[in-house]
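Just below is one structure, and these are the notes that go with it.
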Amino acid sequence: MDELVEYLESRGELALVEREVDPRFELAAVAVALQKQSEDAVLFRKVGGTKFPVVANVYGSHRRLCAMIGAGERSFAERWLELTEGRQSNPAPFAPAAACEPHVECTLGDLPQITYHARDGAPYFTSAIYLAKDPDTGTPNLSFHRSMYVSDGELRVRLGSTHDLASYQARAEARGEPLEAALILGASPALFLAACASLPIDDSEIDLAGRIAGRPLEMRRCHSIDLEVPVDASIVVEGRFLPNVKRPEGPFGEFMGNYVEVGDNHVFEVTAVTHRPGAVFNALVCGSTDDLRPLEAVTAARVYRHLRNTVPGVLDVSCRPNVMITIVRIRKQYEGHGKHVILAALGSYLDYNKVVIVVDEDVDIYNLEDVMWAYLTRGRADTRAMILNDIPGFYRDPMKDHWGRLAIDATMPWGREAEFARKHVPGADSIDLSEYLA
Ligand SMILES: Cc1cc2nc3c(=O)[nH]c(=O)nc-3n(C[C@H](O)[C@H](O)[C@H](O)COP(=O)(O)O)c2cc1C
């Protein structure tokens, strides 16, 4: 994380806040207000109650995510598949981690205690990446799980049932054993992005982080548990998930934009906390662009992989403004092509994909206004939109709020391309306004 701050600063993509901010609401308020103005990250040098500086808004830029994985001229999805399928490594866009330094011990209470939303039940660690090993095979996995601060010895964690960590914990619990894990706060971009991935359960996400970084990660032993963590992790919380123990966690302002109420969730017993000298803590406002952009990017890549193997002409996929929508950009090749793409997209990821929209290759799929322009101007409203009733959606949805699908073929009519070609003003994209404005 510390190298990341230097990298962002050198690219002029880091705003600085020198005055002290309150970790209760004020830090999150500044981060969210800044997101409305720019895609820059922000470093808070002084945060009340802690000696750790805090960086936020690191991952809220699709352009920066592409740079982090070395996408070059390719889409995020195309490059991501090369990395996740093990076909290529990255030519390391970041400086390698500093050599193994002595790690300093501290307590959980020394870390920034950030409360993000009005009704959050306690301070939360939201950039919380858990590293754990499969109890049967030893394969390491990385995944995010928001963690509620209870005391220096205890965090409460909701382990989503579809995640590998939930399966590891359940198998350890079946043997009556705790599951050891390391919580990384302030990860390198490579580790952060690898934690976003859902690889097959036998594939190592530490190896993926190495491919994203362009070199195998240098690891060190934990102090109190039988695990290795990357030496460049800024802060590491060591501990174990207790078997057969659940305690109240929440409420918390979730990524969908509303609160999740108090529920009985897992207990993580903290056994040690260590940090690198000069460590920077990573804050992340759940459901803001800092959270959504990386989740969207990896979700879109998953849909892209399925489409690429099923239908021709698929150029790129986005999920804006969040993962409940899939927008597909195609080079249309035959009448009805858009509808074939809709069919394939609907089957690509059953949890999400509540709305699928297909557009022509000249439409900006990262701009919903442009996508809606295509639907509104390039054909009929009725025959290009389809509602599929009573299809189950999001996996934990007892009220069926995410059932049903809407699919829109917003491509132009086949054979009438000249009529629907987009007009443009020559020079408008390249003009230097300072030469004209007083
Ligand atoms: C920034 C970020 C934060 C996330 N936070 C959570 C979380 O708090 N709880 C959760 O269940 N999933 C969360 N997720 C989703 C998953 O943890 C994550 O996508 C991961 O890939 C799941 O890993 P696995 O499939 O290897 O188990 C988050 C994803 C991102 C990108």
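Every chain in the structure tokens has a letter given in the order shown (A, B, ...), and although residue numbers restart at 1 in each chain, ligands are simply numbered from 1 in the order shown.
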
(message) Within 9 Å of ligand 1 (counting only C-alpha atoms and all ligand atoms), which residues show up? I'd like them as number ranges by chain.
(response) A: 59, 125-130, 141-147, 157-167, 192-201, 205, 254-255, 284-287, 290-299

(message) Can you pull out every residue from range 146-249 of chain A that DSSP, working from the backbone, puts in helix (DSSP H, G or I), and format the result as number ranges by chain?
(response) A: 164-174, 189-196, 205-213

Dump N, CA and C atoms for the selected residues as an mmCIF file, in the first residue's frame?
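Below you can see part.cif, which holds the result:
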data_model
loop_
_atom_site.group_PDB
_atom_site.id
_atom_site.type_symbol
_atom_site.label_atom_id
_atom_site.label_comp_id
_atom_site.auth_asym_id
_atom_site.auth_seq_id
_atom_site.Cartn_x
_atom_site.Cartn_y
_atom_site.Cartn_z
ATOM 1 N N ASP A 164 -15.564 -19.082 -0.935
ATOM 2 C CA ASP A 164 -14.685 -20.199 -0.566
ATOM 3 C C ASP A 164 -14.392 -20.196 0.932
ATOM 4 N N LEU A 165 -14.231 -19.004 1.516
ATOM 5 C CA LEU A 165 -13.902 -18.937 2.942
ATOM 6 C C LEU A 165 -15.015 -19.565 3.793
ATOM 7 N N ALA A 166 -16.273 -19.388 3.354
ATOM 8 C CA ALA A 166 -17.397 -19.981 4.090
ATOM 9 C C ALA A 166 -17.289 -21.510 4.040
ATOM 10 N N SER A 167 -16.887 -22.034 2.876
ATOM 11 C CA SER A 167 -16.737 -23.489 2.740
ATOM 12 C C SER A 167 -15.570 -23.977 3.610
ATOM 13 N N TYR A 168 -14.459 -23.232 3.636
ATOM 14 C CA TYR A 168 -13.305 -23.627 4.482
ATOM 15 C C TYR A 168 -13.748 -23.681 5.954
ATOM 16 N N GLN A 169 -14.472 -22.602 6.361
ATOM 17 C CA GLN A 169 -14.864 -22.487 7.767
ATOM 18 C C GLN A 169 -15.822 -23.639 8.144
ATOM 19 N N ALA A 170 -16.758 -23.936 7.220
ATOM 20 C CA ALA A 170 -17.741 -24.992 7.504
ATOM 21 C C ALA A 170 -17.043 -26.349 7.641
ATOM 22 N N ARG A 171 -16.030 -26.592 6.794
ATOM 23 C CA ARG A 171 -15.346 -27.889 6.867
ATOM 24 C C ARG A 171 -14.498 -27.997 8.140
ATOM 25 N N ALA A 172 -13.862 -26.885 8.525
ATOM 26 C CA ALA A 172 -13.092 -26.896 9.791
ATOM 27 C C ALA A 172 -14.048 -27.104 10.957
ATOM 28 N N GLU A 173 -15.186 -26.407 10.902
ATOM 29 C CA GLU A 173 -16.168 -26.501 11.992
ATOM 30 C C GLU A 173 -16.711 -27.935 12.133
ATOM 31 N N ALA A 174 -16.914 -28.600 10.991
ATOM 32 C CA ALA A 174 -17.423 -29.981 11.036
ATOM 33 C C ALA A 174 -16.471 -30.891 11.804
ATOM 34 N N PRO A 189 -2.044 -3.482 -4.910
ATOM 35 C CA PRO A 189 -3.113 -3.626 -5.913
ATOM 36 C C PRO A 189 -3.228 -5.054 -6.430
ATOM 37 N N ALA A 190 -2.097 -5.732 -6.565
ATOM 38 C CA ALA A 190 -2.139 -7.107 -7.090
ATOM 39 C C ALA A 190 -2.930 -8.007 -6.157
ATOM 40 N N LEU A 191 -2.676 -7.865 -4.861
ATOM 41 C CA LEU A 191 -3.386 -8.706 -3.900
ATOM 42 C C LEU A 191 -4.861 -8.313 -3.841
ATOM 43 N N PHE A 192 -5.116 -7.009 -3.861
ATOM 44 C CA PHE A 192 -6.505 -6.525 -3.810
ATOM 45 C C PHE A 192 -7.293 -7.087 -4.993
ATOM 46 N N LEU A 193 -6.712 -6.987 -6.189
ATOM 47 C CA LEU A 193 -7.447 -7.441 -7.377
ATOM 48 C C LEU A 193 -7.589 -8.960 -7.390
ATOM 49 N N ALA A 194 -6.576 -9.670 -6.906
ATOM 50 C CA ALA A 194 -6.686 -11.135 -6.852
ATOM 51 C C ALA A 194 -7.805 -11.530 -5.884
ATOM 52 N N ALA A 195 -7.994 -10.726 -4.815
ATOM 53 C CA ALA A 195 -9.065 -11.031 -3.858
ATOM 54 C C ALA A 195 -10.439 -10.821 -4.481
ATOM 55 N N CYS A 196 -10.525 -9.989 -5.510
ATOM 56 C CA CYS A 196 -11.805 -9.773 -6.204
ATOM 57 C C CYS A 196 -12.203 -11.004 -7.023
ATOM 58 N N GLU A 205 -5.179 -18.152 -5.337
ATOM 59 C CA GLU A 205 -5.326 -16.720 -5.634
ATOM 60 C C GLU A 205 -4.056 -15.952 -5.261
ATOM 61 N N ILE A 206 -3.156 -16.569 -4.497
ATOM 62 C CA ILE A 206 -1.839 -15.948 -4.247
ATOM 63 C C ILE A 206 -1.010 -16.026 -5.538
ATOM 64 N N ASP A 207 -1.131 -17.160 -6.259
ATOM 65 C CA ASP A 207 -0.432 -17.264 -7.554
ATOM 66 C C ASP A 207 -0.981 -16.226 -8.523
ATOM 67 N N LEU A 208 -2.320 -16.028 -8.508
ATOM 68 C CA LEU A 208 -2.914 -15.007 -9.378
ATOM 69 C C LEU A 208 -2.359 -13.622 -9.020
ATOM 70 N N ALA A 209 -2.266 -13.323 -7.720
ATOM 71 C CA ALA A 209 -1.710 -12.020 -7.306
ATOM 72 C C ALA A 209 -0.297 -11.869 -7.869
ATOM 73 N N GLY A 210 0.456 -12.948 -7.871
ATOM 74 C CA GLY A 210 1.812 -12.920 -8.434
ATOM 75 C C GLY A 210 1.795 -12.615 -9.931
ATOM 76 N N ARG A 211 0.823 -13.208 -10.644
ATOM 77 C CA ARG A 211 0.742 -12.928 -12.090
ATOM 78 C C ARG A 211 0.362 -11.465 -12.324
ATOM 79 N N ILE A 212 -0.534 -10.931 -11.489
ATOM 80 C CA ILE A 212 -0.931 -9.519 -11.647
ATOM 81 C C ILE A 212 0.260 -8.613 -11.327
ATOM 82 N N ALA A 213 1.031 -8.987 -10.301
ATOM 83 C CA ALA A 213 2.199 -8.179 -9.919
ATOM 84 C C ALA A 213 3.350 -8.341 -10.908
#

(request) Quick one: everything within 12 Å of Gly109 in chain A, counting only C-alpha atoms, minus sequence neighbours fewer than 2 positions away in the same chain. Send it as a PyMOL selection string. (result) chain A and resi 49-52+106-107+111-114+123-125+149-155+237+270+272-273

For the residues in that selection, give me C-alpha atoms as a PDB file, in the first residue's frame.
ATOM      1  CA  GLY A  49      -7.517   8.326  17.478  1.00  0.00           C
ATOM      2  CA  THR A  50      -4.814   6.636  15.375  1.00  0.00           C
ATOM      3  CA  LYS A  51      -1.266   7.181  14.182  1.00  0.00           C
ATOM      4  CA  PHE A  52      -1.982   5.480  10.838  1.00  0.00           C
ATOM      5  CA  CYS A 106       0.127  -3.247  17.712  1.00  0.00           C
ATOM      6  CA  THR A 107      -3.492  -3.788  18.751  1.00  0.00           C
ATOM      7  CA  LEU A 111      -5.957   0.944  13.801  1.00  0.00           C
ATOM      8  CA  PRO A 112      -8.302   3.584  12.326  1.00  0.00           C
ATOM      9  CA  GLN A 113     -11.782   2.969  13.761  1.00  0.00           C
ATOM     10  CA  ILE A 114     -13.854   4.187  10.831  1.00  0.00           C
ATOM     11  CA  PRO A 123     -16.532   0.846  13.215  1.00  0.00           C
ATOM     12  CA  TYR A 124     -15.934  -1.544  10.302  1.00  0.00           C
ATOM     13  CA  PHE A 125     -12.946  -2.799   8.351  1.00  0.00           C
ATOM     14  CA  TYR A 149     -14.809  -4.112  15.450  1.00  0.00           C
ATOM     15  CA  VAL A 150     -16.032  -5.404  18.800  1.00  0.00           C
ATOM     16  CA  SER A 151     -12.879  -5.346  20.957  1.00  0.00           C
ATOM     17  CA  ASP A 152      -9.126  -5.788  20.541  1.00  0.00           C
ATOM     18  CA  GLY A 153      -9.697  -9.533  20.700  1.00  0.00           C
ATOM     19  CA  GLU A 154     -12.798  -9.895  18.514  1.00  0.00           C
ATOM     20  CA  LEU A 155     -14.188  -9.106  15.087  1.00  0.00           C
ATOM     21  CA  VAL A 237      -4.551  -9.105  11.691  1.00  0.00           C
ATOM     22  CA  VAL A 270      -7.692 -11.940  17.061  1.00  0.00           C
ATOM     23  CA  ALA A 272      -1.887 -10.769  16.835  1.00  0.00           C
ATOM     24  CA  VAL A 273      -1.772  -7.538  14.811  1.00  0.00           C
TER      25      VAL A 273
END

(request) Would you mind listing what lies within 9 Å of range 412-427 of chain A as a PyMOL selection string, with only C-alpha atoms counted and same-chain residues fewer than 3 positions away left out? (result) chain A and resi 332-336+359-360+362+374-375+377-379+409+430-431

(request) Could you check which of A:Arg63, A:Gly253, A:Asp134, A:Arg74 is closest to Ser288 in chain A, using only C-alpha atoms? (result)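 The closest residue to Ser288 in chain A is A:Gly253.
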
Excluding same-chain residues fewer than 2 positions from Gly313 in chain A, what lies within 9 Å of it counting only C-alpha atoms, as a PDB file with C-alpha atoms, in the first residue's frame?
ATOM      1  CA  ARG A 308     -16.943 -14.975 -25.951  1.00  0.00           C
ATOM      2  CA  VAL A 311     -21.720 -16.029 -29.508  1.00  0.00           C
ATOM      3  CA  LEU A 315     -16.355  -6.702 -27.989  1.00  0.00           C
ATOM      4  CA  ARG A 329     -21.084  -4.025 -26.883  1.00  0.00           C
ATOM      5  CA  ILE A 330     -21.165  -6.058 -30.098  1.00  0.00           C
ATOM      6  CA  ARG A 331     -20.159  -5.830 -33.733  1.00  0.00           C
ATOM      7  CA  LYS A 332     -23.525  -6.830 -35.152  1.00  0.00           C
ATOM      8  CA  GLN A 333     -23.263  -9.557 -37.804  1.00  0.00           C
ATOM      9  CA  HIS A 337     -27.689 -11.106 -33.269  1.00  0.00           C
TER      10      HIS A 337
END

(message) Taking 2 positions as the minimum chain separation for residues in the same chain, which residues sit within 12 Å of Gly404 in chain A when counting only C-alpha atoms? Answer as an NGL selection string.
(response) :A and (324 or 346 or 350-356 or 386-394 or 400-402 or 406-407)

(message) Need to verify the contact set: Glu78 in chain A, 10 Å, only C-alpha atoms, exclusion of same-chain residues closer than 4 positions in sequence. Can you return it as JSON, numbers by chain?
(response) {"A": [71, 74, 82, 83, 301, 304, 305, 308, 315, 316, 317]}

(message) When you count only C-alpha atoms, which of these residues is closest to Gly250 in chain A: A:Ala122, A:Ile325, A:Ala67, A:Val21?
(response)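 Of all the options, A:Ala122 lies closest to Gly250 in chain A.
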
(message) Using DSSP assignments from the backbone, pull out every residue in range 7-235 of chain A that falls under strand (DSSP E or B) and give it to me as a VMD selection string.
(response) chain A and resid 14 to 17 21 24 41 to 44 47 54 to 56 104 to 106 115 124 to 125 129 to 133 140 to 144 147 to 151 154 to 157 179 to 185 219 to 221 228 to 230 235

(message) Just the number, please: distance in Å from CA of Glu20 in chain A to CA of Lys46 in chain A, one decimal.
(response)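 It comes out at 4.6 Å.
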